[in-house]
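One structure below.
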Amino acid sequence: MTDIVEYDGYQGAVRYENGLLHIRILHIEDSIAAACSDAGQVQTEFQALVDDYRETCQAVGKEPSRPFKGSFNVRIDPDIHRKAAMAAASNGMNLNSWIAHAVAEKLRPAPEAPTIVDWALYAQAVVAASSRPRSVPQFQKAITAIGGVVEEQTTEQFQAVMLAVTASQARH
């Protein structure tokens with residue numbers, strides 16, 4: 001099994017073999033490695049390895065290697081290739097742009113789940129306040145009085161409920 005360590009934009013692979021932890025800097029053109037016997041030393045050893053690599057490059061007048069040039073070959077099932085090319089064309093894009101967009105989309109952090117009004121908490125607040133809050137400040141005060149947290153989205157949902165209730169009462 002290989003573990004990954006990171007330091008200052010570099011990644012390293014760590015694997016256990018013959019009683020030692022072997023550490024290797026990934027994603028560079030050079031082959032730079034070290035070994036240690038204690039798992040507690042791995043991060044320190046990796047940092048020293050990266051720092052030494054950069055210092056050595058500087059001493060010999062070489063730019064530290066970063067092999068990511070923005071171009072790579074991907075081998076995929078021919079049917080997926082065809083479907084991707086057709087999807088790209090349908091979206092007015094070439095396959096390269098479409099795949100770059102798909103990869104960027106996949107790397108984007110997942111959106112947070114929307115906050116939903118905790119109606120049980122709201123009911124506790126109404127009981128504690130001895131009346132139904134009819135405005136945002138009253139709502140916020142009632143929720144915080146029982147230790148709840150009112151977020152902006154929760155307030156917006158409260159306002160929507162109040163508008164619906166008011167509209168319903170106006171019809172009757």
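In the structure tokens, chains take letters A, B, ... by order of appearance, with residues numbered from 1 within each chain and ligands from 1 in the order shown.
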Contacts of stretch 48-63 of chain A within 10 Å, only C-alpha atoms, excl. fewer than 4 positions in-chain, as a list in words: Glu6, Tyr7, Asp8, Gly9, Tyr10, Gln11, Gly12, Ile23, Arg24, Ile25, Asp30, Ile32, Ala33, Ala34, Val42, Gln43 and Thr44 of chain A
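For the pair atom CA of A:Val14 and atom CA of A:Lys69, the separation is 24.8 Å.
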